[in-house]
file upload_10.cif (mmCIF, C-alpha atoms, pLDDT in the B column; chains and numbers go by the auth columns)
data_coords
loop_
_atom_site.group_PDB
_atom_site.id
_atom_site.type_symbol
_atom_site.label_atom_id
_atom_site.label_comp_id
_atom_site.label_asym_id
_atom_site.label_seq_id
_atom_site.Cartn_x
_atom_site.Cartn_y
_atom_site.Cartn_z
_atom_site.B_iso_or_equiv
_atom_site.auth_seq_id
_atom_site.auth_asym_id
ATOM 1 C CA MET A 1 23.393 13.664 12.011 52.00 981 A
ATOM 2 C CA ALA A 2 20.712 12.823 9.475 51.00 982 A
ATOM 3 C CA ALA A 3 18.588 9.697 9.871 46.00 983 A
ATOM 4 C CA PRO A 4 19.350 6.943 7.358 51.00 984 A
ATOM 5 C CA GLN A 5 16.905 6.831 4.490 56.00 985 A
ATOM 6 C CA SER A 6 15.229 3.644 3.418 62.00 986 A
ATOM 7 C CA PRO A 7 15.878 2.526 -0.148 71.00 987 A
ATOM 8 C CA HIS A 8 13.436 3.547 -2.849 68.00 988 A
ATOM 9 C CA GLU A 9 12.715 2.500 -6.412 67.00 989 A
ATOM 10 C CA PRO A 10 13.488 5.064 -9.154 68.00 990 A
ATOM 11 C CA ASP A 11 9.740 5.807 -9.323 70.00 991 A
ATOM 12 C CA GLY A 12 9.704 6.750 -5.611 72.00 992 A
ATOM 13 C CA ARG A 13 8.091 3.573 -4.237 78.00 993 A
ATOM 14 C CA ALA A 14 9.568 2.104 -1.066 86.00 994 A
ATOM 15 C CA LEU A 15 11.921 -0.797 -1.714 88.00 995 A
ATOM 16 C CA LEU A 16 11.977 -3.985 0.338 89.00 996 A
ATOM 17 C CA VAL A 17 15.537 -5.335 0.269 90.00 997 A
ATOM 18 C CA CYS A 18 15.689 -9.031 1.120 90.00 998 A
ATOM 19 C CA ASP A 19 19.119 -10.501 1.947 92.00 999 A
ATOM 20 C CA VAL A 20 18.998 -14.027 0.546 91.00 1000 A
ATOM 21 C CA GLY A 21 22.671 -14.795 1.093 90.00 1001 A
ATOM 22 C CA GLY A 22 21.723 -17.551 3.547 90.00 1002 A
ATOM 23 C CA LEU A 23 20.009 -19.618 0.857 88.00 1003 A
ATOM 24 C CA HIS A 24 22.902 -21.939 0.076 86.00 1004 A
ATOM 25 C CA ARG A 25 20.848 -24.546 -1.794 90.00 1005 A
ATOM 26 C CA PRO A 26 17.894 -22.708 -3.294 91.00 1006 A
ATOM 27 C CA ASP A 27 14.939 -24.794 -4.376 93.00 1007 A
ATOM 28 C CA LEU A 28 11.402 -24.184 -5.596 93.00 1008 A
ATOM 29 C CA GLU A 29 10.116 -23.858 -2.017 94.00 1009 A
ATOM 30 C CA ALA A 30 12.521 -20.953 -1.455 92.00 1010 A
ATOM 31 C CA ILE A 31 11.440 -19.357 -4.737 93.00 1011 A
ATOM 32 C CA GLU A 32 7.787 -19.715 -3.730 94.00 1012 A
ATOM 33 C CA ALA A 33 8.437 -18.096 -0.331 93.00 1013 A
ATOM 34 C CA VAL A 34 10.335 -15.166 -1.838 92.00 1014 A
ATOM 35 C CA ALA A 35 7.693 -14.761 -4.573 93.00 1015 A
ATOM 36 C CA ARG A 36 4.928 -14.638 -1.932 95.00 1016 A
ATOM 37 C CA LEU A 37 6.932 -12.026 -0.019 93.00 1017 A
ATOM 38 C CA ALA A 38 7.298 -9.990 -3.214 92.00 1018 A
ATOM 39 C CA LEU A 39 3.566 -10.285 -3.923 93.00 1019 A
ATOM 40 C CA ALA A 40 2.683 -9.047 -0.428 94.00 1020 A
ATOM 41 C CA ALA A 41 5.144 -6.149 -0.753 92.00 1021 A
ATOM 42 C CA ARG A 42 3.756 -5.153 -4.146 91.00 1022 A
ATOM 43 C CA ARG A 43 0.205 -5.206 -2.773 94.00 1023 A
ATOM 44 C CA LEU A 44 1.435 -2.645 -0.236 92.00 1024 A
ATOM 45 C CA GLY A 45 2.997 -0.535 -2.976 90.00 1025 A
ATOM 46 C CA CYS A 46 6.617 -1.549 -2.395 89.00 1026 A
ATOM 47 C CA GLY A 47 9.232 -2.806 -4.805 88.00 1027 A
ATOM 48 C CA VAL A 48 11.453 -5.787 -4.001 90.00 1028 A
ATOM 49 C CA ARG A 49 15.150 -6.515 -4.540 91.00 1029 A
ATOM 50 C CA LEU A 50 17.096 -9.637 -3.577 93.00 1030 A
ATOM 51 C CA ASP A 51 20.574 -8.917 -2.211 93.00 1031 A
ATOM 52 C CA ASN A 52 23.475 -11.392 -2.004 93.00 1032 A
ATOM 53 C CA ALA A 53 21.739 -13.877 -4.272 93.00 1033 A
ATOM 54 C CA SER A 54 23.911 -16.821 -5.245 92.00 1034 A
ATOM 55 C CA PRO A 55 24.354 -17.644 -8.924 93.00 1035 A
ATOM 56 C CA ASP A 56 22.235 -20.777 -8.348 92.00 1036 A
ATOM 57 C CA LEU A 57 19.393 -18.691 -6.923 92.00 1037 A
ATOM 58 C CA ARG A 58 19.584 -16.183 -9.783 93.00 1038 A
ATOM 59 C CA ASP A 59 19.570 -19.022 -12.304 93.00 1039 A
ATOM 60 C CA LEU A 60 16.546 -20.632 -10.637 93.00 1040 A
ATOM 61 C CA VAL A 61 14.654 -17.320 -10.500 94.00 1041 A
ATOM 62 C CA ALA A 62 15.328 -16.839 -14.206 94.00 1042 A
ATOM 63 C CA PHE A 63 14.433 -20.457 -15.018 94.00 1043 A
ATOM 64 C CA VAL A 64 10.978 -20.145 -13.460 94.00 1044 A
ATOM 65 C CA GLY A 65 10.408 -16.835 -15.265 94.00 1045 A
ATOM 66 C CA LEU A 66 10.479 -14.508 -12.254 93.00 1046 A
ATOM 67 C CA ALA A 67 13.631 -12.513 -13.032 92.00 1047 A
ATOM 68 C CA GLU A 68 11.643 -9.318 -13.648 90.00 1048 A
ATOM 69 C CA VAL A 69 9.476 -9.834 -10.555 88.00 1049 A
ATOM 70 C CA LEU A 70 12.378 -10.796 -8.272 91.00 1050 A
ATOM 71 C CA PRO A 71 15.335 -8.643 -9.360 91.00 1051 A
ATOM 72 C CA CYS A 72 18.680 -9.398 -7.760 88.00 1052 A
ATOM 73 C CA SER A 73 21.170 -6.705 -6.884 81.00 1053 A
ATOM 74 C CA THR A 74 24.076 -6.482 -9.282 60.00 1054 A
ATOM 75 C CA ALA A 75 26.663 -6.288 -6.500 54.00 1055 A
ATOM 76 C CA SER A 76 26.498 -9.615 -4.734 45.00 1056 A
ATOM 77 C CA ALA A 77 28.873 -10.283 -1.859 44.00 1057 A
ATOM 78 C CA ILE A 78 29.226 -13.821 -3.140 42.00 1058 A
ATOM 79 C CA GLU A 79 30.514 -12.642 -6.508 44.00 1059 A
ATOM 80 C CA SER A 80 32.816 -9.939 -5.238 41.00 1060 A
ATOM 81 C CA GLY A 81 34.676 -11.743 -2.485 43.00 1061 A
ATOM 82 C CA GLY A 82 33.919 -15.441 -2.650 44.00 1062 A
ATOM 83 C CA GLN A 83 36.158 -18.183 -3.870 46.00 1063 A
ATOM 84 C CA ALA A 84 35.096 -20.987 -6.130 46.00 1064 A
ATOM 85 C CA GLU A 85 34.248 -24.203 -4.399 51.00 1065 A
ATOM 86 C CA GLN A 86 36.303 -27.253 -5.301 57.00 1066 A
ATOM 87 C CA ARG A 87 34.240 -29.912 -6.996 57.00 1067 A
ATOM 88 C CA GLU A 88 34.908 -33.259 -8.520 56.00 1068 A
ATOM 89 C CA GLU A 89 34.825 -33.500 -12.264 56.00 1069 A
ATOM 90 C CA PRO A 90 31.565 -35.091 -13.376 57.00 1070 A
ATOM 91 C CA GLY A 91 31.980 -38.657 -14.514 58.00 1071 A
ATOM 92 C CA GLY A 92 31.107 -39.351 -18.098 57.00 1072 A
ATOM 93 C CA VAL A 93 28.958 -42.154 -19.377 60.00 1073 A
ATOM 94 C CA GLU A 94 30.902 -44.653 -21.392 60.00 1074 A
ATOM 95 C CA GLU A 95 29.040 -46.858 -23.808 60.00 1075 A
ATOM 96 C CA GLU A 96 30.357 -50.119 -25.100 67.00 1076 A
ATOM 97 C CA ARG A 97 30.513 -50.394 -28.835 68.00 1077 A
ATOM 98 C CA ASP A 98 28.821 -53.324 -30.468 71.00 1078 A
ATOM 99 C CA PRO A 99 31.381 -54.952 -32.795 71.00 1079 A
ATOM 100 C CA ALA A 100 28.588 -55.466 -35.349 74.00 1080 A
ATOM 101 C CA ASP A 101 27.949 -51.684 -35.611 71.00 1081 A
ATOM 102 C CA PRO A 102 29.757 -49.810 -38.405 73.00 1082 A
ATOM 103 C CA PRO A 103 32.320 -47.195 -37.215 69.00 1083 A
ATOM 104 C CA ALA A 104 30.958 -43.671 -36.808 64.00 1084 A
#
call {"tool": "encode", "arguments": {"input": "upload_10.cif", "output": "structure tokens"}}
result
Amino acid sequence: MAAPQSPHEPDGRALLVCDVGGLHRPDLEAIEAVARLALAARRLGCGVRLDNASPDLRDLVAFVGLAEVLPCSTASAIESGGQAEQREEPGGVEEERDPADPPA
């Protein structure tokens, strides 16, 4: 039986795979921690990939401009087998109309 091989980048560099599926409410502190991990790995010549990243985490990574530095795997367990969470419809803001204002 052959020993399992560790994942590698297409260019041959070792790949650090970080399972972030436990980050249910990602925030900037989580992004900072993962970015520091990625920086340390890159200093050692390794690539980094985030596995099981939630859509919220992927959106936050993209929002702060780190999508190329912190790539997420395309096959997320959350996407493939999860069910949508039930949420309340957001309440709208209703403004009173001033009778003196002309109709819109």
call {"tool": "residues_around", "arguments": {"input": "upload_10.cif", "residues": "A:Leu1024", "least_positions_apart": "3", "cutoff": "12 Å", "atoms": "all atoms listed in the file", "output": "CSV table (one decimal) with C-alpha atoms, keeping the file's coordinate frame"}}
result
chain,number,residue,atom,x,y,z
A,993,ARG,CA,8.1,3.6,-4.2
A,994,ALA,CA,9.6,2.1,-1.1
A,995,LEU,CA,11.9,-0.8,-1.7
A,996,LEU,CA,12.0,-4.0,0.3
A,1017,LEU,CA,6.9,-12.0,0.0
A,1018,ALA,CA,7.3,-10.0,-3.2
A,1019,LEU,CA,3.6,-10.3,-3.9
A,1020,ALA,CA,2.7,-9.0,-0.4
A,1021,ALA,CA,5.1,-6.1,-0.8
A,1027,GLY,CA,9.2,-2.8,-4.8
A,1028,VAL,CA,11.5,-5.8,-4.0
call {"tool": "atom_distance", "arguments": {"input": "upload_10.cif", "atom1": "atom CA of A:Asp999", "atom2": "atom CA of A:Asp1039"}}
result
16.6 Å
call {"tool": "resolve_selection", "arguments": {"input": "upload_10.cif", "expression": "the PyMOL selection byres ((chain A and resi 1002) around 12)", "output": "PyMOL selection string"}}
result
chain A and resi 998-1001+1003-1006+1010+1030-1034+1037+1057-1058
call {"tool": "resolve_selection", "arguments": {"input": "upload_10.cif", "expression": "the PyMOL selection byres ((chain A and resi 1011) around 10)", "output": "VMD selection string"}}
result
chain A and resid 1006 to 1010 1012 to 1017 1037 1040 to 1041 1044 1046 1050
call {"tool": "atom_distance", "arguments": {"input": "upload_10.cif", "atom1": "atom CA of A:Ala1042", "atom2": "atom CA of A:Arg1029"}}
result
14.1 Å
call {"tool": "closest_residue", "arguments": {"input": "upload_10.cif", "among": "A:Pro987, A:Pro1082, A:Cys1052, A:Arg1023", "to": "A:Asp1036", "atoms": "all atoms listed in the file"}}
result
A:Cys1052
